[in-house]
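Participant: Next comes model28.cif, mmCIF, C-alpha atoms:
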data_my_file
#
loop_
_atom_site.label_atom_id
_atom_site.label_comp_id
_atom_site.auth_asym_id
_atom_site.auth_seq_id
_atom_site.Cartn_x
_atom_site.Cartn_y
_atom_site.Cartn_z
CA MET A 1 53.12 -25.71 17.46
CA SER A 2 49.55 -26.31 16.22
CA GLY A 3 50.51 -29.59 14.58
CA PHE A 4 49.35 -28.39 11.16
CA GLU A 5 52.00 -27.31 8.69
CA LEU A 6 49.83 -24.59 7.15
CA THR A 7 46.89 -22.46 8.29
CA ILE A 8 44.87 -21.02 5.41
CA PHE A 9 42.51 -18.10 5.91
CA ASP A 10 39.74 -16.84 3.70
CA CYS A 11 39.80 -13.04 3.87
CA ASP A 12 36.32 -11.52 3.52
CA GLY A 13 34.27 -12.32 6.60
CA VAL A 14 37.18 -14.08 8.31
CA LEU A 15 40.00 -11.54 8.59
CA VAL A 16 38.12 -8.39 7.63
CA ASP A 17 34.44 -7.53 8.17
CA SER A 18 33.79 -6.82 4.51
CA GLU A 19 30.96 -9.19 3.55
CA ILE A 20 28.34 -6.98 5.20
CA ILE A 21 29.57 -3.98 3.21
CA ALA A 22 29.42 -5.97 -0.02
CA ALA A 23 25.92 -7.20 0.84
CA ARG A 24 24.70 -3.64 1.35
CA VAL A 25 26.15 -2.40 -1.94
CA GLU A 26 25.00 -5.40 -3.96
CA SER A 27 21.54 -5.53 -2.41
CA LYS A 28 20.97 -1.88 -3.33
CA LEU A 29 22.07 -2.46 -6.93
CA LEU A 30 19.89 -5.53 -7.36
CA ASN A 31 16.86 -3.78 -5.88
CA GLU A 32 17.40 -0.86 -8.26
CA ALA A 33 17.60 -3.37 -11.15
CA GLY A 34 14.21 -4.81 -10.20
CA TYR A 35 15.29 -7.80 -8.14
CA PRO A 36 14.09 -7.32 -4.54
CA ILE A 37 16.51 -8.78 -2.00
CA SER A 38 17.47 -7.74 1.51
CA VAL A 39 20.96 -7.29 2.91
CA GLU A 40 20.36 -10.31 5.14
CA GLU A 41 19.34 -12.47 2.16
CA MET A 42 22.46 -11.39 0.28
CA GLY A 43 24.64 -12.63 3.11
CA GLU A 44 22.78 -15.90 3.47
CA ARG A 45 22.56 -16.77 -0.22
CA PHE A 46 25.61 -15.26 -1.83
CA ALA A 47 28.40 -14.72 0.75
CA GLY A 48 31.67 -15.98 -0.67
CA MET A 49 30.59 -15.66 -4.32
CA THR A 50 31.99 -13.19 -6.83
CA TRP A 51 29.67 -10.41 -7.97
CA LYS A 52 29.80 -11.81 -11.51
CA ASN A 53 28.59 -15.21 -10.34
CA ILE A 54 25.90 -13.59 -8.20
CA LEU A 55 24.58 -11.77 -11.27
CA LEU A 56 24.66 -14.97 -13.33
CA SER A 57 22.74 -16.78 -10.60
CA VAL A 58 20.11 -14.04 -10.43
CA GLU A 59 19.79 -13.90 -14.22
CA LYS A 60 19.20 -17.64 -14.32
CA GLU A 61 16.57 -17.38 -11.61
CA ILE A 62 14.53 -14.57 -13.18
CA ASP A 63 15.42 -15.33 -16.83
CA ILE A 64 16.05 -11.65 -17.49
CA PRO A 65 19.49 -10.31 -18.51
CA LEU A 66 20.94 -7.78 -16.11
CA SER A 67 22.89 -4.79 -17.33
CA ALA A 68 26.59 -5.46 -17.89
CA SER A 69 27.26 -2.06 -16.34
CA LEU A 70 26.32 -3.55 -12.95
CA LEU A 71 29.63 -5.43 -12.94
CA ASP A 72 31.80 -2.31 -13.02
CA LYS A 73 29.40 -0.23 -10.96
CA SER A 74 29.53 -2.64 -8.03
CA GLU A 75 33.30 -2.93 -8.14
CA THR A 76 33.74 0.84 -8.07
CA LEU A 77 31.20 1.46 -5.29
CA LEU A 78 32.48 -1.41 -3.19
CA ASP A 79 36.12 -0.40 -3.47
CA GLN A 80 35.18 3.11 -2.34
CA ARG A 81 33.20 1.92 0.67
CA LEU A 82 35.73 -0.72 1.71
CA ALA A 83 38.49 1.88 1.66
CA ARG A 84 36.48 3.97 4.14
CA GLU A 85 34.65 1.40 6.23
CA VAL A 86 36.31 -2.02 6.39
CA LYS A 87 37.51 -3.14 9.81
CA ILE A 88 39.48 -6.07 11.15
CA ILE A 89 37.50 -8.95 12.62
CA GLU A 90 37.72 -8.80 16.41
CA GLY A 91 40.25 -11.27 17.81
CA VAL A 92 42.22 -11.80 14.60
CA SER A 93 45.40 -10.18 15.91
CA PHE A 94 45.27 -12.35 19.02
CA ALA A 95 44.72 -15.51 16.98
CA LEU A 96 47.60 -14.75 14.63
CA SER A 97 49.91 -14.14 17.58
CA ARG A 98 49.12 -17.61 18.95
CA ILE A 99 49.15 -19.71 15.77
CA GLU A 100 52.65 -20.76 14.81
CA GLY A 101 53.94 -21.89 11.46
CA PRO A 102 53.25 -20.82 7.86
CA ARG A 103 49.99 -19.14 6.96
CA CYS A 104 48.42 -17.81 3.80
CA ILE A 105 45.23 -16.26 2.42
CA CYS A 106 42.99 -17.79 -0.26
CA SER A 107 40.30 -15.39 -1.47
CA ASN A 108 37.92 -14.72 -4.34
CA SER A 109 38.70 -11.00 -4.02
CA SER A 110 41.12 -9.37 -6.43
CA VAL A 111 44.75 -8.79 -5.49
CA HIS A 112 44.11 -5.04 -5.59
CA ARG A 113 41.20 -5.28 -3.15
CA LEU A 114 43.05 -7.67 -0.86
CA ASP A 115 46.04 -5.35 -0.74
CA SER A 116 43.82 -2.36 0.05
CA MET A 117 41.83 -4.07 2.81
CA LEU A 118 44.75 -5.85 4.47
CA THR A 119 46.86 -2.71 4.42
CA LYS A 120 44.04 -0.64 5.93
CA VAL A 121 43.55 -2.99 8.89
CA GLY A 122 47.26 -3.70 9.39
CA LEU A 123 47.27 -7.37 8.41
CA LYS A 124 49.23 -7.40 5.18
CA GLU A 125 52.58 -7.85 6.92
CA HIS A 126 51.25 -10.97 8.67
CA PHE A 127 50.67 -12.77 5.35
CA ALA A 128 52.66 -11.22 2.50
CA PRO A 129 53.74 -12.54 0.09
CA ASN A 130 51.46 -15.55 0.59
CA ILE A 131 48.22 -13.84 -0.43
CA PHE A 132 46.46 -15.72 -3.21
CA SER A 133 43.53 -14.51 -5.31
CA ALA A 134 41.40 -17.00 -7.23
CA LYS A 135 40.83 -14.33 -9.88
CA ASP A 136 44.50 -14.61 -10.82
CA LEU A 137 43.86 -18.22 -11.81
CA GLY A 138 40.97 -17.32 -14.10
CA ALA A 139 37.37 -16.13 -13.87
CA ASP A 140 36.09 -19.70 -14.06
CA ARG A 141 38.30 -20.97 -11.22
CA VAL A 142 36.94 -19.06 -8.22
CA LYS A 143 35.34 -20.70 -5.18
CA PRO A 144 33.31 -22.93 -4.87
CA LYS A 145 35.85 -24.58 -7.17
CA PRO A 146 38.87 -25.89 -5.21
CA ASP A 147 41.50 -24.40 -7.52
CA ILE A 148 42.69 -21.59 -5.25
CA TYR A 149 43.23 -24.01 -2.36
CA LEU A 150 45.07 -26.49 -4.55
CA HIS A 151 47.20 -23.60 -5.83
CA ALA A 152 48.05 -22.51 -2.28
CA LEU A 153 49.05 -26.04 -1.26
CA SER A 154 51.35 -26.24 -4.28
CA GLN A 155 52.89 -22.82 -3.65
CA MET A 156 53.41 -23.50 0.05
CA GLY A 157 54.65 -27.07 -0.48
CA VAL A 158 52.20 -28.63 1.98
CA ALA A 159 50.00 -31.73 1.64
CA ALA A 160 46.26 -31.20 2.04
CA LYS A 161 46.09 -33.43 5.12
CA LYS A 162 48.65 -31.22 6.87
CA ALA A 163 46.66 -28.00 6.34
CA VAL A 164 43.58 -26.43 7.89
CA VAL A 165 41.28 -23.74 6.46
CA VAL A 166 39.17 -21.08 8.18
CA GLU A 167 36.07 -20.21 6.11
CA ASP A 168 32.87 -18.24 6.65
CA SER A 169 30.91 -19.26 3.54
CA VAL A 170 29.32 -22.46 2.30
CA HIS A 171 30.98 -21.93 -1.08
CA GLY A 172 34.37 -21.58 0.57
CA VAL A 173 33.87 -24.69 2.69
CA HIS A 174 32.96 -26.70 -0.40
CA ALA A 175 36.09 -25.42 -2.17
CA ALA A 176 38.39 -26.36 0.71
CA ARG A 177 36.80 -29.77 1.25
CA ASP A 178 37.02 -30.56 -2.47
CA ALA A 179 40.73 -29.76 -2.21
CA GLY A 180 40.98 -32.34 0.58
CA ILE A 181 41.57 -29.82 3.37
CA ARG A 182 39.89 -29.79 6.77
CA VAL A 183 37.79 -26.75 7.58
CA ILE A 184 36.89 -24.67 10.60
CA GLY A 185 33.78 -22.59 10.01
CA PHE A 186 33.57 -19.01 11.27
CA THR A 187 30.39 -17.06 12.05
CA GLY A 188 31.74 -14.02 13.88
CA ALA A 189 31.43 -11.39 11.14
CA SER A 190 28.55 -8.93 10.80
CA HIS A 191 26.87 -10.76 7.92
CA THR A 192 26.16 -13.89 9.97
CA TYR A 193 22.59 -15.25 10.05
CA PRO A 194 20.65 -17.70 12.28
CA SER A 195 21.35 -20.90 10.30
CA HIS A 196 24.94 -19.92 9.43
CA ALA A 197 26.71 -22.45 11.66
CA ASP A 198 24.42 -25.29 10.60
CA ARG A 199 24.96 -24.58 6.93
CA LEU A 200 28.75 -24.50 7.33
CA THR A 201 28.63 -27.82 9.17
CA ASP A 202 26.39 -29.34 6.50
CA ALA A 203 28.86 -28.16 3.86
CA GLY A 204 31.72 -30.00 5.56
CA ALA A 205 33.18 -27.82 8.31
CA GLU A 206 34.34 -30.05 11.19
CA THR A 207 33.55 -27.42 13.78
CA VAL A 208 32.33 -23.83 13.83
CA ILE A 209 33.46 -20.92 15.98
CA SER A 210 31.97 -17.46 16.42
CA ARG A 211 34.96 -15.88 18.19
CA MET A 212 38.34 -15.61 16.52
CA VAL A 213 40.07 -15.72 19.91
CA ASP A 214 39.00 -19.38 20.12
CA LEU A 215 40.77 -20.34 16.88
CA PRO A 216 44.23 -21.24 18.26
CA ALA A 217 42.80 -23.69 20.80
CA VAL A 218 40.46 -25.25 18.23
CA ILE A 219 43.30 -25.76 15.74
CA ALA A 220 45.44 -27.33 18.47
CA ALA A 221 42.58 -29.64 19.47
CA MET A 222 41.97 -30.75 15.89
CA ALA A 223 45.66 -31.51 15.45
CA SER A 224 45.71 -33.50 18.67
CA TRP A 225 42.65 -35.56 17.69
CA SER A 226 44.35 -36.38 14.40
CA GLY A 227 47.69 -37.35 15.92
CA LEU A 228 49.50 -34.45 14.28
CA VAL A 229 51.01 -33.27 17.55
#
Rewrite the structure from the file as structure tokens, please.
Facilitator:
Amino acid sequence: MSGFELTIFDCDGVLVDSEIIAARVESKLLNEAGYPISVEEMGERFAGMTWKNILLSVEKEIDIPLSASLLDKSETLLDQRLAREVKIIEGVSFALSRIEGPRCICSNSSVHRLDSMLTKVGLKEHFAPNIFSAKDLGADRVKPKPDIYLHALSQMGVAAKKAVVVEDSVHGVHAARDAGIRVIGFTGASHTYPSHADRLTDAGAETVISRMVDLPAVIAAMASWSGLV
């Protein structure tokens, strides 16, 4: 046993290598709309945020309204590309085989997208029915707000101090920490950048790993340090 009663996974950039695909789609759309930004900058600045909140952030920065059609256009393009291109993060299957006890997913992605991605890479059966989308709680309750993590703790019947979260984004780390949950940062997806680990640590991650195969041992170590084993 890991010592924790619940292991919570973000999905995009933790279980599936989807953030890089989103960054490519969204960077292209923003450049076409007159806001120059690279794929790398997208990953560094906006990973973990919903497309709607990215657009709101950009609008605030440039003080120019962006077309509402960008919302639907991105969703359609991204769903098409994810269906063709998304892959499992290397080492996830190994990690899941070694981590005992309940697990769940907390994501900003929609239930439809989560179902599509997890089914494609063969992970749905490892988590269903405990797959939670922040969008189901309301558009104003997505990460970096802690609502989805608090919802998961309630649904799973576990206290925050008995859970651990695996997150790849600063926004996700903030959400988990504000829910009172300890966090392991992950930088092993394709959208990672040079200061990624430092930023996750600064946001509140206790430790950061770049290989998913290391996750079981790290969780066990954290539990041992805390007297949970």
Participant: As a check of understanding, name the residues that the PyMOL selection byres ((chain A and resi 142) around 12) selects in the supplied structure, as a PyMOL selection string.
Facilitator: chain A and resi 48-53+106-110+132-141+143-151+171-172+174-176
Participant: Could you tell me, as a ChimeraX atom specification, exactly which residues end up selected when the PyMOL selection byres ((chain A and resi 24) around 10) is applied to this structure?
Facilitator: /A:19-23,25-29,38-40,42-43,78,191
Participant: Of the candidates A:Leu215, A:Lys73, A:Pro129, A:Ala163, which shows the shortest atom-to-atom distance to Gly185 of chain A, using only C-alpha atoms?
Facilitator: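 Closest residue, counting only C-alpha atoms: A:Leu215.
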Participant: So what does the PyMOL selection byres ((chain A and resi 116-122) around 8) actually pick up in this one, as a PDB file with C-alpha atoms, in the coordinates of the input?
Facilitator:
ATOM      1  CA  VAL A  16      38.120  -8.390   7.630  1.00  0.00           C
ATOM      2  CA  LEU A  82      35.730  -0.720   1.710  1.00  0.00           C
ATOM      3  CA  ALA A  83      38.490   1.880   1.660  1.00  0.00           C
ATOM      4  CA  VAL A  86      36.310  -2.020   6.390  1.00  0.00           C
ATOM      5  CA  LYS A  87      37.510  -3.140   9.810  1.00  0.00           C
ATOM      6  CA  ILE A  88      39.480  -6.070  11.150  1.00  0.00           C
ATOM      7  CA  HIS A 112      44.110  -5.040  -5.590  1.00  0.00           C
ATOM      8  CA  ARG A 113      41.200  -5.280  -3.150  1.00  0.00           C
ATOM      9  CA  LEU A 114      43.050  -7.670  -0.860  1.00  0.00           C
ATOM     10  CA  ASP A 115      46.040  -5.350  -0.740  1.00  0.00           C
ATOM     11  CA  LEU A 123      47.270  -7.370   8.410  1.00  0.00           C
ATOM     12  CA  LYS A 124      49.230  -7.400   5.180  1.00  0.00           C
ATOM     13  CA  GLU A 125      52.580  -7.850   6.920  1.00  0.00           C
TER      14      GLU A 125
END
Participant: In Å, with one decimal, what is the gap from atom CA of Asp178 of chain A to atom CA of Ile54 of chain A?
Facilitator: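 Taking atom CA of Asp178 of chain A as the start and atom CA of Ile54 of chain A as the end point, the length is 21.1 Å.
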Participant: Measuring atom to atom with only C-alpha atoms, identify which of A:Gly188, A:Gly3, A:Pro36, A:Gly101 is nearest to Lys162 of chain A.
Facilitator: A:Gly3
Participant: Record the distance separating atom CA of Ser67 of chain A and atom CA of Leu30 of chain A, expressed in Å with one decimal.
Facilitator: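 A separation of 10.4 Å between them.
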Participant: So how many Å separate atom CA of Ala152 of chain A and atom CA of Ile219 of chain A, to one decimal?
Facilitator: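 Separation of atom CA of Ala152 of chain A and atom CA of Ile219 of chain A: 18.9 Å.
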Participant: Of the candidates A:Asp10, A:Glu75, A:Glu61, A:Asp168, which shows the shortest atom-to-atom distance to Ile209 of chain A, using only C-alpha atoms?
Facilitator: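 Comparing A:Asp10, A:Glu75, A:Glu61, A:Asp168 against Ile209 of chain A, the winner is A:Asp168.
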Participant: Pick the closest to Ala197 of chain A from A:His126, A:Ser69, A:Glu44, A:Ile62: which is it, counting all atoms listed in the file?
Facilitator: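 Smallest distance to Ala197 of chain A is found for A:Glu44.
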